[in-house]
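**Student:** Pasting a structure below so you can have a look.
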Amino acid sequence: MRFLVGLVAGMPSRAHSLAVLRGAQAGLLRHGLHLRLPGRPERWSGPGFTDPPVTSPLAEQIRSRVVDPVHACAVAALLVTGLPPALLGLMRLSNLAPDAAMLSSYLPFRIDYPVPEWGRDLFAAGRVYAAGHHPGDGPLLSRGIGRTGQILADTARQCGLRLRPAMLAPGLEGWHVQARCWLKESPQA
């Protein structure tokens, strides 16, 4: 999972991400591993398939329009991970690497999401602010999400982001959580 997410992190479009994943499928198959990706790529959400694509100008748009660092961090986390708001709300301070280069999710299993350089300051500022209000390993993003994801949706609108409704839907699993990989009997020659 970490390998696949790392491949598409920072891709400029859904088409680029899909091409990279199809190439990974072919390469893995050549070495005896079958990678099954979920059907209907036009409906995928998650790393490399968020809309709008995660770019440096998008980070600047977030910085210039959102004052609260936890709210800005929550929007950036949604775009980087593609996780539904309910799972983002469960993130703890310890889920973010000390250098803010990696955000880890342990639900349903551990997945590491690389944070592009453009967004590391957003994540670091969110952590500092959240840590000041929650000692120990308190919540990282919950204050920027709200009980039903409404704060996150409002912040996205404030940033001028048009998110697909599926990105804010509860319980939606991204393509990377649905992907499965297993060993074939013998590698292709």
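Every chain in the structure tokens takes a letter, A first, then B, and so on in the order presented; its residues are numbered from 1, and the ligands are numbered from 1 following the presented order.
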Under the rule of at most 12 Å, produce a per-residue listing of stretch 126-187 of chain A near stretch 92-96 of chain A: chain, number, name, the closest pair of atoms, and the distance in Å, as JSON lines, using only C-alpha atoms.
**Tutor:**
```
{"residue": "A:Gly126", "atom": "CA", "partner": "A:Leu93", "partner_atom": "CA", "distance": 9.5}
{"residue": "A:Arg127", "atom": "CA", "partner": "A:Leu93", "partner_atom": "CA", "distance": 6.4}
{"residue": "A:Val128", "atom": "CA", "partner": "A:Leu93", "partner_atom": "CA", "distance": 9.2}
{"residue": "A:Tyr129", "atom": "CA", "partner": "A:Leu93", "partner_atom": "CA", "distance": 10.5}
{"residue": "A:Ala130", "atom": "CA", "partner": "A:Leu93", "partner_atom": "CA", "distance": 7.8}
{"residue": "A:Ala131", "atom": "CA", "partner": "A:Leu93", "partner_atom": "CA", "distance": 7.2}
{"residue": "A:Gly132", "atom": "CA", "partner": "A:Leu93", "partner_atom": "CA", "distance": 11.0}
{"residue": "A:His133", "atom": "CA", "partner": "A:Leu93", "partner_atom": "CA", "distance": 11.4}
{"residue": "A:His134", "atom": "CA", "partner": "A:Leu93", "partner_atom": "CA", "distance": 9.2}
{"residue": "A:Pro135", "atom": "CA", "partner": "A:Leu93", "partner_atom": "CA", "distance": 9.6}
{"residue": "A:Gly136", "atom": "CA", "partner": "A:Leu93", "partner_atom": "CA", "distance": 8.2}
{"residue": "A:Asp137", "atom": "CA", "partner": "A:Leu93", "partner_atom": "CA", "distance": 5.4}
{"residue": "A:Gly138", "atom": "CA", "partner": "A:Arg92", "partner_atom": "CA", "distance": 5.6}
{"residue": "A:Pro139", "atom": "CA", "partner": "A:Arg92", "partner_atom": "CA", "distance": 4.4}
{"residue": "A:Leu140", "atom": "CA", "partner": "A:Arg92", "partner_atom": "CA", "distance": 4.8}
{"residue": "A:Leu141", "atom": "CA", "partner": "A:Arg92", "partner_atom": "CA", "distance": 7.6}
{"residue": "A:Ser142", "atom": "CA", "partner": "A:Arg92", "partner_atom": "CA", "distance": 8.9}
{"residue": "A:Arg143", "atom": "CA", "partner": "A:Arg92", "partner_atom": "CA", "distance": 11.6}
```
**Student:** I want to know what sits within 10 Å of A:Arg2, based on only C-alpha atoms, with residues of the same chain fewer than 4 positions away left out; could you give that as a compact mmCIF listing (two decimals) with N, CA and C atoms, in the first residue's frame?
**Tutor:**
```txt
# COMPACT_ATOMS: atom_id res chain seq x y z
N GLY A 6 2.78 6.03 -2.56
CA GLY A 6 3.97 6.82 -2.89
C GLY A 6 4.11 7.08 -4.38
N LEU A 7 3.67 6.12 -5.21
CA LEU A 7 3.77 6.30 -6.65
C LEU A 7 2.90 7.44 -7.16
N ARG A 110 -2.39 0.13 8.79
CA ARG A 110 -1.46 1.26 8.63
C ARG A 110 -1.21 1.58 7.16
N ILE A 111 -1.43 2.84 6.85
CA ILE A 111 -1.10 3.38 5.53
C ILE A 111 -0.36 4.68 5.78
N ASP A 112 0.79 4.84 5.15
CA ASP A 112 1.56 6.08 5.26
C ASP A 112 1.30 6.93 4.02
N TYR A 113 0.94 8.17 4.24
CA TYR A 113 0.68 9.11 3.15
C TYR A 113 1.80 10.13 3.11
N PRO A 114 2.60 10.16 2.04
CA PRO A 114 3.64 11.18 1.94
C PRO A 114 3.01 12.57 1.81
N HIS A 176 -7.06 2.94 -2.70
CA HIS A 176 -5.89 2.30 -2.10
C HIS A 176 -6.27 1.34 -0.98
```
**Student:** Using only C-alpha atoms for the distances, tell me which of A:Val67, A:Leu183, A:Ala125, A:Val80 is nearest to A:Arg30.
**Tutor:** A:Leu183
**Student:** Can you pull out the residues contacting A:Ala153? Cut-off 9 Å, using only C-alpha atoms, and skip same-chain residues under 5 positions away; I want them as a PyMOL selection string.
**Tutor:** chain A and resi 75+145+158+163+168
**Student:** What separation in Å, quoted to one decimal, exists between atom CA of A:Ala101 and atom CA of A:Ala72?
**Tutor:**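 Interatomic distance here is 16.2 Å.
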**Student:** Hey, which of A:Pro41, A:Arg157, A:Leu35, A:Leu87 ends up closest to A:Ala15? Count only C-alpha atoms.
**Tutor:** A:Pro41
**Student:** Which residues, written as a tab-separated table (two decimals) with N, CA, C and O atoms, in the first residue's frame, have at least one atom at most 12 Å from A:Gln61, with only C-alpha atoms counted and residues fewer than 2 positions away on the same chain left out?
**Tutor:**
```tsv
chain	number	residue	atom	x	y	z
A	52	PRO	N	-9.74	18.90	-6.41
A	52	PRO	CA	-8.73	19.19	-7.41
A	52	PRO	C	-7.40	18.50	-7.10
A	52	PRO	O	-7.19	18.06	-5.98
A	54	VAL	N	-3.60	17.88	-6.12
A	54	VAL	CA	-2.79	18.47	-5.06
A	54	VAL	C	-1.55	19.10	-5.69
A	54	VAL	O	-0.71	18.41	-6.22
A	55	THR	N	-1.50	20.44	-5.63
A	55	THR	CA	-0.38	21.17	-6.24
A	55	THR	C	0.09	22.27	-5.31
A	55	THR	O	-0.59	22.63	-4.35
A	56	SER	N	1.23	22.85	-5.61
A	56	SER	CA	1.77	23.95	-4.83
A	56	SER	C	0.86	25.19	-4.89
A	56	SER	O	0.62	25.82	-3.86
A	57	PRO	N	0.31	25.56	-6.07
A	57	PRO	CA	-0.62	26.70	-6.09
A	57	PRO	C	-1.87	26.46	-5.23
A	57	PRO	O	-2.41	27.39	-4.64
A	58	LEU	N	-2.29	25.21	-5.15
A	58	LEU	CA	-3.45	24.90	-4.31
A	58	LEU	C	-3.11	25.13	-2.84
A	58	LEU	O	-3.93	25.68	-2.08
A	59	ALA	N	-1.91	24.77	-2.42
A	59	ALA	CA	-1.49	25.02	-1.05
A	59	ALA	C	-1.46	26.51	-0.76
A	59	ALA	O	-1.87	26.95	0.31
A	63	ARG	N	-3.41	28.57	2.13
A	63	ARG	CA	-2.72	29.49	3.04
A	63	ARG	C	-3.33	30.89	3.03
A	63	ARG	O	-3.45	31.53	4.06
A	64	SER	N	-3.68	31.36	1.86
A	64	SER	CA	-4.16	32.74	1.73
A	64	SER	C	-5.62	32.93	2.16
A	64	SER	O	-6.03	34.05	2.42
A	65	ARG	N	-6.37	31.85	2.26
A	65	ARG	CA	-7.80	32.00	2.56
A	65	ARG	C	-8.24	31.42	3.90
A	65	ARG	O	-9.38	31.63	4.30
A	66	VAL	N	-7.38	30.67	4.56
A	66	VAL	CA	-7.78	30.05	5.83
A	66	VAL	C	-6.85	30.53	6.93
A	66	VAL	O	-5.63	30.36	6.85
A	67	VAL	N	-7.43	31.11	7.97
A	67	VAL	CA	-6.66	31.66	9.07
A	67	VAL	C	-6.32	30.59	10.10
A	67	VAL	O	-5.20	30.53	10.60
A	72	ALA	N	-6.89	24.60	8.05
A	72	ALA	CA	-6.06	24.50	6.85
A	72	ALA	C	-5.42	23.11	6.76
A	72	ALA	O	-5.38	22.50	5.69
A	75	VAL	N	-8.05	20.45	5.59
A	75	VAL	CA	-8.31	20.47	4.15
A	75	VAL	C	-7.13	19.85	3.41
A	75	VAL	O	-7.32	19.04	2.49
A	76	ALA	N	-5.91	20.20	3.80
A	76	ALA	CA	-4.73	19.62	3.16
A	76	ALA	C	-4.70	18.10	3.37
A	76	ALA	O	-4.38	17.35	2.44
A	118	TRP	N	5.28	21.10	-0.43
A	118	TRP	CA	4.45	22.30	-0.41
A	118	TRP	C	3.49	22.33	0.77
A	118	TRP	O	3.07	23.40	1.18
A	119	GLY	N	3.11	21.18	1.30
A	119	GLY	CA	2.11	21.15	2.35
A	119	GLY	C	2.63	20.91	3.75
A	119	GLY	O	1.88	20.96	4.72
A	122	LEU	N	1.79	23.53	6.34
A	122	LEU	CA	0.39	23.49	6.74
A	122	LEU	C	0.16	22.44	7.84
A	122	LEU	O	-0.52	22.68	8.83
A	155	THR	N	-14.70	25.00	5.13
A	155	THR	CA	-13.33	25.47	4.89
A	155	THR	C	-12.95	25.28	3.43
A	155	THR	O	-12.32	26.15	2.82
A	156	ALA	N	-13.33	24.15	2.86
A	156	ALA	CA	-13.03	23.90	1.44
A	156	ALA	C	-13.70	24.95	0.56
A	156	ALA	O	-13.09	25.47	-0.37
A	157	ARG	N	-14.96	25.26	0.86
A	157	ARG	CA	-15.66	26.30	0.10
A	157	ARG	C	-14.97	27.66	0.25
A	157	ARG	O	-14.83	28.42	-0.70
A	158	GLN	N	-14.54	27.96	1.48
A	158	GLN	CA	-13.84	29.22	1.76
A	158	GLN	C	-12.56	29.31	0.92
A	158	GLN	O	-12.17	30.40	0.51
A	159	CYS	N	-11.94	28.17	0.66
A	159	CYS	CA	-10.71	28.14	-0.15
A	159	CYS	C	-11.01	28.19	-1.64
A	159	CYS	O	-10.09	28.24	-2.46
A	160	GLY	N	-12.29	28.12	-2.00
A	160	GLY	CA	-12.64	28.11	-3.42
A	160	GLY	C	-12.49	26.75	-4.05
A	160	GLY	O	-12.40	26.63	-5.27
A	161	LEU	N	-12.46	25.69	-3.23
A	161	LEU	CA	-12.30	24.33	-3.75
A	161	LEU	C	-13.67	23.73	-4.05
A	161	LEU	O	-14.57	23.80	-3.24
```
**Student:** I need the residue nearest A:Pro98 from this list: A:Ala124, A:Ala86, A:Ala179, A:Leu79. Use only C-alpha atoms for the distance.
**Tutor:** A:Ala124
